[in-house]
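Asks: Have a look at this one before I ask anything.
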Amino acid sequence: MGDTRFDIVAMGDAIVDVIASCDNAFLDTHGLPRGSMQLLSPEAADRLYEAMGQAREMSGGSAANSMAGIAAMGGKAAFIGQVAEDQLGLIFEHDMHAFGVHFDTPMLTGGPPTGRCLILVTPDGQRTMNTSPGASHELTADTLDPDLIRDSAILYLEGYLFGPDKPRAAMMKAVDIAKEAQREVAFTLSESVCITERKDRFTQMVDEGGIDLLFCNEDEAMMLTATSDLDHALAHLAARVPTLVVTRGEHGALALEQGKRVDISAPPPERVLDTTGAGDMFAAGFLVARAKGLDLERCLLTGGRAAADVISRYGARPDGDMREKVGL
Ligand SMILES: OC[C@H]1O[C@H](O)[C@H](O)[C@@H]1O
């Protein structure tokens, strides 16, 4: 894509996932709504971790997963997010670099530890996420490198990080830098829970024309536009963002751009083991295909294939030969 050093620079949570299987009764016992994401204090996270079964640790964070996916599919990706100077922070940094993602946000010292997300996966592959964001939500605007944003064709923002004051201010500053440099701004709504708390701010961003490319699922689209009529929600959003991309789970995905609508069916996964990161990998596939100048249908299909791949195994990060898997 063009002559920028990076195709995409993302801002998002810099956290490590701790993933364990559980049954539905475990979620009920701990009052965790199935398929949801909630924020936990470090103490509550410690208690839940104690109660979880055998776990595996993997770097995570929604937009960070997407950037790892983009790099694995041959794109040029950079990431802005904050870990602490501790063991999990070093693991997160190592993993970003191992994927070839440019990541040099300074580590936080003397504050909260690196964030972690305790992910419980039920036998049907549904994930319930419990995030203790730690250092991630302490990200401030003065850690931004303006040249990194100017040197990226697209600035991609994660809705999870758009809530807390400090990182939201950093994101708004990044948007100003990107717009001034005539770069595109992409945004993912991330999760319905984010919209409940941040609806006015998201709406303002959309209404003010600050977003060039919006990713969401059907529920999020209806929630943001306060309607239960999906067509109405899509028309409302498509009138305000140049490119609207909507994931539909097992029913596929659609995109609306310049009055044109393209739908795809979901590429079938080998199996459904863990749905964590499906949306992240979809966005990665879509964006990398777009960076290569492919048409909307190919962008959607690349996203769909990447999502089908990630849900067939544990964890939210890419694995194996992703270019071959998505046909790039
Ligand atoms: O979208 C999935 C990601 O969201 C949470 O931020 C977890 O880190 C997980 O990897």
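Going through the structure tokens in order, the chains are called A, B, and so on, while each chain numbers its residues from 1 and the ligands are numbered from 1 in the order shown.
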At a cut-off of 7 Å around ligand 1, and using only C-alpha atoms and all ligand atoms, what residues come up? Please write them as a CSV table (one decimal) with N, CA, C and O atoms, in the first residue's frame.

Replies:
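Result went into pocket.csv, see below:
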chain,number,residue,atom,x,y,z
A,13,ASP,N,-4.7,-2.8,23.5
A,13,ASP,CA,-4.2,-3.4,24.7
A,13,ASP,C,-3.0,-4.2,24.5
A,13,ASP,O,-3.0,-5.0,23.5
A,15,ILE,N,-1.4,-7.1,26.2
A,15,ILE,CA,-1.7,-8.0,27.4
A,15,ILE,C,-1.4,-9.4,27.0
A,15,ILE,O,-1.3,-9.8,25.8
A,16,VAL,N,-1.2,-10.2,28.0
A,16,VAL,CA,-0.9,-11.6,27.8
A,16,VAL,C,-2.1,-12.4,28.2
A,16,VAL,O,-2.7,-12.2,29.3
A,17,ASP,N,-2.5,-13.4,27.4
A,17,ASP,CA,-3.7,-14.2,27.7
A,17,ASP,C,-3.3,-15.4,28.5
A,17,ASP,O,-2.2,-16.0,28.3
A,60,GLY,N,-1.5,-11.7,23.8
A,60,GLY,CA,-2.9,-11.5,23.2
A,60,GLY,C,-3.1,-10.0,23.0
A,60,GLY,O,-2.1,-9.3,22.6
A,61,GLY,N,-4.3,-9.5,23.3
A,61,GLY,CA,-4.6,-8.1,23.0
A,61,GLY,C,-5.2,-8.1,21.6
A,61,GLY,O,-4.6,-8.5,20.6
A,62,SER,N,-6.4,-7.5,21.5
A,62,SER,CA,-7.1,-7.6,20.2
A,62,SER,C,-6.3,-7.1,19.0
A,62,SER,O,-6.1,-7.8,18.0
A,65,ASN,N,-3.1,-8.8,18.3
A,65,ASN,CA,-3.3,-10.1,17.6
A,65,ASN,C,-3.4,-9.8,16.1
A,65,ASN,O,-2.9,-10.5,15.3
A,117,CYS,N,-5.2,-11.3,30.5
A,117,CYS,CA,-6.6,-11.6,30.2
A,117,CYS,C,-6.9,-13.1,30.5
A,117,CYS,O,-6.2,-13.9,29.9
A,129,MET,N,-14.0,-13.7,28.5
A,129,MET,CA,-12.7,-13.0,28.8
A,129,MET,C,-12.8,-12.1,30.0
A,129,MET,O,-13.7,-11.4,30.2
A,276,THR,N,-11.6,-17.3,20.6
A,276,THR,CA,-10.9,-16.1,20.9
A,276,THR,C,-10.1,-15.6,19.7
A,276,THR,O,-9.4,-16.4,19.0
A,277,GLY,N,-10.3,-14.3,19.4
A,277,GLY,CA,-9.5,-13.7,18.4
A,277,GLY,C,-10.0,-13.9,17.0
A,277,GLY,O,-9.4,-13.5,16.0
A,279,GLY,N,-12.5,-12.3,15.5
A,279,GLY,CA,-12.6,-10.9,14.9
A,279,GLY,C,-11.3,-10.3,14.6
A,279,GLY,O,-11.1,-9.6,13.6
A,280,ASP,N,-10.3,-10.5,15.5
A,280,ASP,CA,-9.0,-9.9,15.3
A,280,ASP,C,-8.3,-10.5,14.0
A,280,ASP,O,-7.8,-9.7,13.2
A,316,ALA,N,-5.2,-16.8,20.3
A,316,ALA,CA,-5.7,-15.8,19.3
A,316,ALA,C,-4.6,-15.4,18.3
A,316,ALA,O,-4.8,-14.4,17.6

Asks: So which residues of region 154-196 of chain A fall under strand (DSSP E or B) by DSSP, listed as JSON, numbers by chain?

Replies: {"A": [154, 155, 156, 157, 158, 184, 185, 186, 187, 188]}

Asks: Compare A:Gly110, A:Gly81, A:Pro242, A:Pro267 by their minimum atom-to-atom distance to Thr143 (chain A), counting only C-alpha atoms, and give me the closest one.

Replies: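 Selected residue with least distance to Thr143 (chain A): A:Gly81.
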
Asks: Quick one: residues within 9 Å of region 293-299 of chain A, only C-alpha atoms counted, chain neighbours fewer than 3 positions away excluded, as a ChimeraX atom specification?

Replies: /A:1,254-257,262-264,285-290,302-304

Asks: Give me the residues near Arg313 (chain A) as a list in words, where near means some atom within 9 Å (using only C-alpha atoms) and where sequence neighbours in that chain fewer than 5 positions away do not count.

Replies: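 Contacts, in chain order: Arg271, Val272, Leu273, Asp274 and Thr275 of chain A.
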
Asks: CA of Leu214 (chain A) to CA of Thr188 (chain A): how many Å, to one decimal?

Replies: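 We find that CA of Leu214 (chain A) and CA of Thr188 (chain A) lie 6.0 Å from each other.
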
Asks: Tell me which of A:Ala174, A:Leu224, A:Val18, A:Gly209 sits closest to Ala239 (chain A), counting only C-alpha atoms.

Replies: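 Among the listed residues, the smallest separation from Ala239 (chain A) belongs to A:Gly209.
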
Asks: Pick out the closest residue to Ser312 (chain A) from this set: A:Ser132, A:Thr196, A:Gln182, A:Gln126. Count only C-alpha atoms.

Replies: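 Ranked by minimum distance to Ser312 (chain A), first place goes to A:Gln126.
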
Asks: Mind checking which residues fall within 12 Å of Leu230 (chain A), counting only C-alpha atoms, ignoring those fewer than 3 positions away in the same chain, and posting them as a list in words?

Replies: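 So, after excluding close chain neighbours, the residues are Asn217, Glu218, Asp219, Glu220, Ala221, Met222, Met223, Leu224, Thr225, Ala226, Thr227, Ala233, Leu234, Ala235, His236, Leu237, Ala238, Val246 and Arg248 of chain A.
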
Asks: Of the candidates A:Leu118, A:Val83, A:Met322, A:Met52, which one gets nearest to Ile19 (chain A) if we count only C-alpha atoms?

Replies: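 For Ile19 (chain A), the nearest of the candidates is A:Leu118.
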
Asks: What's the 7 Å shell around region 137-141 of chain A, counting only C-alpha atoms, without same-chain residues fewer than 2 positions away, as a ChimeraX atom specification?

Replies: /A:81-82,133-135,143-144,164,166-167,169-170,173

Asks: Let me make sure I understand: among A:Glu197, A:Ala98, A:Gly159, A:Asp145, which one has the smallest atom-to-atom distance to Ala178 (chain A) if we use only C-alpha atoms?

Replies: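 Once distances to Ala178 (chain A) are computed over only C-alpha atoms, the minimum belongs to A:Asp145.
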
Asks: Quick check for you: according to DSSP on this backbone, which residues of region 58-234 of chain A are classed as alpha helix (DSSP H)? Reply as a count of residues only.

Replies: 73

Asks: Give one line per residue of region 144-244 of chain A that approaches region 32-43 of chain A to at most 12 Å, naming the two atoms of the closest pair and their distance in Å to one decimal, counting only C-alpha atoms; sort by chain then ascending residue number and deliver it as a Markdown table.

Replies:
| residue | atom | partner | partner_atom | distance |
| --- | --- | --- | --- | --- |
| A:Tyr160 | CA | A:Met37 | CA | 9.8 |
| A:Leu161 | CA | A:Leu39 | CA | 11.7 |
| A:Gly163 | CA | A:Leu39 | CA | 11.4 |
| A:Pro164 | CA | A:Leu39 | CA | 11.5 |
| A:Ser190 | CA | A:Met37 | CA | 10.0 |
| A:Glu191 | CA | A:Met37 | CA | 7.6 |
| A:Ser192 | CA | A:Ser36 | CA | 8.5 |
| A:Val193 | CA | A:Met37 | CA | 7.1 |
| A:Cys194 | CA | A:Met37 | CA | 9.0 |
| A:Ile195 | CA | A:Met37 | CA | 12.0 |
| A:Glu197 | CA | A:Gln38 | CA | 11.9 |

Asks: Please indicate the distance in Å from CA of Thr128 (chain A) to CA of Glu250 (chain A), rounded to one decimal place.

Replies: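 Separating CA of Thr128 (chain A) from CA of Glu250 (chain A) is a distance of 18.2 Å.
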
Asks: Could you work out how far CA of Ala84 (chain A) lies from CA of Pro113 (chain A), giving the answer in Å with one decimal?

Replies: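 CA of Ala84 (chain A) lies 5.3 Å from CA of Pro113 (chain A).
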